[in-house]
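Data first, discussion second: the structure below is written as C-alpha cells.
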Amino acid sequence: MKKLVPFAIALIPILIIGFNAWWEFPIERYIYSYLISPFGSIYRPMLVLKLALHELVMLFLVIVSVSYFLSPHKTQKETAFYILRSSFIMYTISNVAHQLTNIPDWKQNWDEANGYIGIIRTGLNVLIAVVLWKGEPPGSDFRINLSDYTLYETPGKWSRLLHHITDLLFFYAITEIWVVFMSSTMTYLQMVFIISGMIVVYFLYFFLAEALLGQTPGQSLTNSCPVGLRSPMSVRKALLRSLGRLIPFDRFSFLWGKNWHDRVSGTTVARRNSWKDIPFEGERL
C-alpha cells in the first residue's frame, strides 16, 4: 500500500481541479458574483464565507500535494504526507456522510451526467483516503505512553490554540450541517435539532481524527499529536478527549493551566516523533 501513496497524492490535485472544471467552477462563480453584485443582500454572507473557506481548503490540499513532490528532504515529504493524510481523510469522511444524506435525491440524478460524476468522484476520494490511511510509514505509531520516555517536546500554549482554531475553520469548511443552520425559515424545534446535530458532528470530527489517524488536521500542521501520560494513547482516551471538548470554554482552558480535555483523558499533546528514551549513566545501552 505504501508504494501507492505517491500515485494517490498525485490524484488529489487532478481530481480537485478536474472535477471543478467539469462543473465549470460553480462555487468560485457564486463567490465572484457575490463580490461584484451591487445587490449583495440577495446572497447569504455566512454561506459565502463557508464556501470561501471550503475553497481555501481545496487550494491548500492542492498546494500540499504539489509540495510533497517538490520537497527535497525526507522530513518535509513526511510532514506533507501527514498533513494530507489527516486533512484529506477527514474531508472524505465528511463528503461521504453528506452524499449518504442525499440518497433520496440520487434518483433524479441518475439520468444526468453530473450524478454519475459526483458518485465517481466520491468513490475515487474514498480510494485515495484508504491508501493514505494504510500507507503510514512503519514505526510512526503515535499511540505511546509518554512516561516511557525521558525526553520529548510539547507544543506551547499558543501553538495549541493555533491548531485548535485551524481545526474549527477546517471543520466549518468541510461539514454541511452549518448550511442548514443558516436558514432563516427554521422553526424553534428544527433549530434545536440542528444545533444538537452540530454538537454530535463536532464530537465525531475530533474523535474520528484522533482515534483513527492519531491527530487532527490542525495538529498535523503544528507537527503534533495526542499521547498518553501514564498509559498508551487509545480509542478510549480519544473518546474522553472528544467528550472533554464539549465542556463550555474548554478551548480557552489553557489560559488557566492545562487543557481540560487533557485532564479528563490523562493525555497531552507532543511534537510528533520527538520522544526519545535517553539512557542514564549506569544503564545498559
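Note on naming: chains are A, B, ... as they come in the C-alpha cells, residues start from 1 per chain, ligands start from 1 in the order shown.
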
With a cut-off of 12 Å, could you pull out the residues of range 67-183 of chain A touching range 255-267 of chain A and give me the nearest pair of atoms for each, distance in Å to one decimal, using only C-alpha atoms, ordered by chain and ascending number, as CSV?
```
residue,atom,partner,partner_atom,distance
A:Arg143,CA,A:Thr267,CA,10.8
A:Ile144,CA,A:Thr267,CA,10.2
A:Asn145,CA,A:Thr267,CA,9.0
A:Leu146,CA,A:Thr267,CA,8.9
A:Ser147,CA,A:Thr267,CA,10.9
A:Thr154,CA,A:Thr267,CA,11.8
A:Gly156,CA,A:Lys258,CA,11.1
A:Lys157,CA,A:Leu255,CA,8.1
A:Trp158,CA,A:Leu255,CA,9.7
A:Arg160,CA,A:Asn259,CA,9.5
A:Leu161,CA,A:Leu255,CA,10.0
A:His164,CA,A:Asn259,CA,11.6
```

Take the residues from that selection and put them in a file with C-alpha atoms, as a CSV table (one decimal), in the first residue's frame.
```csv
chain,number,residue,atom,x,y,z
A,143,ARG,CA,-0.2,5.7,20.4
A,144,ILE,CA,2.5,5.9,23.1
A,145,ASN,CA,2.9,6.3,26.8
A,146,LEU,CA,4.9,9.4,27.4
A,147,SER,CA,6.1,8.2,30.8
A,154,THR,CA,5.5,19.6,23.7
A,156,GLY,CA,3.4,25.8,23.5
A,157,LYS,CA,0.0,27.1,24.6
A,158,TRP,CA,-0.3,29.4,21.6
A,160,ARG,CA,-2.1,24.5,20.7
A,161,LEU,CA,-4.6,27.4,20.3
A,164,HIS,CA,-7.5,24.3,17.6
```

Tell me which protein, DNA and RNA residues are within 12 Å of Ile14 in chain A, counting only C-alpha atoms, leaving out same-chain ones fewer than 6 positions away, and put them as number ranges by chain. A: 7-8, 20-22, 58-59, 61-63, 65-66, 121, 124-125

Hey, what does DSSP flag as strand (DSSP E or B) within range 83-259 of chain A? Can you give it to me as a PyMOL selection string? chain A and resi 145+151+224-228

For Lys3 in chain A, the closest of A:Met46, A:Leu132, A:Asn273, A:Ala209 counting only C-alpha atoms is A:Leu132

Any chance you could list, as an NGL selection string, the residues in range 235-276 of chain A that come up alpha helix (DSSP H) when DSSP is run on the backbone? :A and (235-244 or 260-265)

Go ahead and save the picked residues with C-alpha atoms, as a compact mmCIF listing (two decimals), in the first residue's frame.
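Output file part_18.txt follows:
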```txt
# COMPACT_ATOMS: atom_id res chain seq x y z
CA VAL A 235 -9.51 4.86 21.38
CA ARG A 236 -10.91 5.25 24.92
CA LYS A 237 -8.62 8.21 25.58
CA ALA A 238 -9.59 9.75 22.23
CA LEU A 239 -13.24 9.34 23.26
CA LEU A 240 -12.63 11.08 26.60
CA ARG A 241 -10.69 13.89 24.90
CA SER A 242 -13.55 14.49 22.48
CA LEU A 243 -16.13 14.46 25.28
CA GLY A 244 -13.97 16.89 27.24
CA TRP A 260 -9.47 20.40 30.41
CA HIS A 261 -9.84 17.70 27.76
CA ASP A 262 -6.25 16.69 28.58
CA ARG A 263 -7.10 16.39 32.27
CA VAL A 264 -10.22 14.25 31.84
CA SER A 265 -8.45 11.83 29.49
```

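For Ser140 in chain A, the non-local neighbours within 12 Å, defined as residues at least 5 positions apart in the same chain or in other chains and counting only C-alpha atoms, are Glu78, Thr79, Tyr82, Lys134, Gly135, Leu213, Gly214, Cys225, Arg272, Asn273, Ser274 and Trp275 of chain A.
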
Residues from last step as file, C-alpha atoms, as a PDB file, in the first residue's frame:
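This is the output file again.pdb:
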```
ATOM      1  CA  GLU A  78       6.790  13.118   5.646  1.00  0.00           C
ATOM      2  CA  THR A  79       5.255  16.284   7.073  1.00  0.00           C
ATOM      3  CA  TYR A  82       0.753  13.539   7.425  1.00  0.00           C
ATOM      4  CA  LYS A 134      -2.865   2.351   5.168  1.00  0.00           C
ATOM      5  CA  GLY A 135       0.275   3.967   3.743  1.00  0.00           C
ATOM      6  CA  LEU A 213      -5.463   8.866  12.428  1.00  0.00           C
ATOM      7  CA  GLY A 214      -3.677   9.767  15.639  1.00  0.00           C
ATOM      8  CA  CYS A 225      -0.314  14.566  18.204  1.00  0.00           C
ATOM      9  CA  ARG A 272       5.387  14.068  16.534  1.00  0.00           C
ATOM     10  CA  ASN A 273       8.287  11.616  16.981  1.00  0.00           C
ATOM     11  CA  SER A 274      10.088  13.961  19.400  1.00  0.00           C
ATOM     12  CA  TRP A 275      10.035  11.356  22.188  1.00  0.00           C
TER      13      TRP A 275
END
```

In terms of the shortest atom-to-atom distance over only C-alpha atoms, which of A:Leu162, A:Leu168, A:Ala211, A:Ile117 is closest to Pro226 in chain A?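 Using only C-alpha atoms, the shortest distance to Pro226 in chain A belongs to A:Ala211.
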
Can you work out the spacing between CA of Tyr68 in chain A and CA of Pro13 in chain A in Å, to one decimal?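 Going from CA of Tyr68 in chain A over to CA of Pro13 in chain A covers 11.7 Å.
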
Asp277 in chain A surroundings by only C-alpha atoms, 9 Å radius, close-in-sequence under 2 positions cut, as a count of residues only: 7

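With CA of Ser33 in chain A on one side and CA of Val96 in chain A on the other, the separation reads 28.5 Å.
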
Could you check the closest approach to Asp141 in chain A for each of A:Leu47, A:Ala173, A:Leu212, A:Leu100 and tell me which residue wins, using only C-alpha atoms?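 Result for the nearest residue to Asp141 in chain A: A:Leu212.
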
I need the residue nearest Thr122 in chain A from this list: A:Met191, A:Ile12, A:Leu229, A:Leu204. Use only C-alpha atoms for the distance.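 Distance minimum relative to Thr122 in chain A lands on A:Ile12.
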
So what do you get for CA of Ser94 in chain A versus CA of Phe171 in chain A, distance-wise?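 Straight-line distance from CA of Ser94 in chain A to CA of Phe171 in chain A works out to 9.2 Å.
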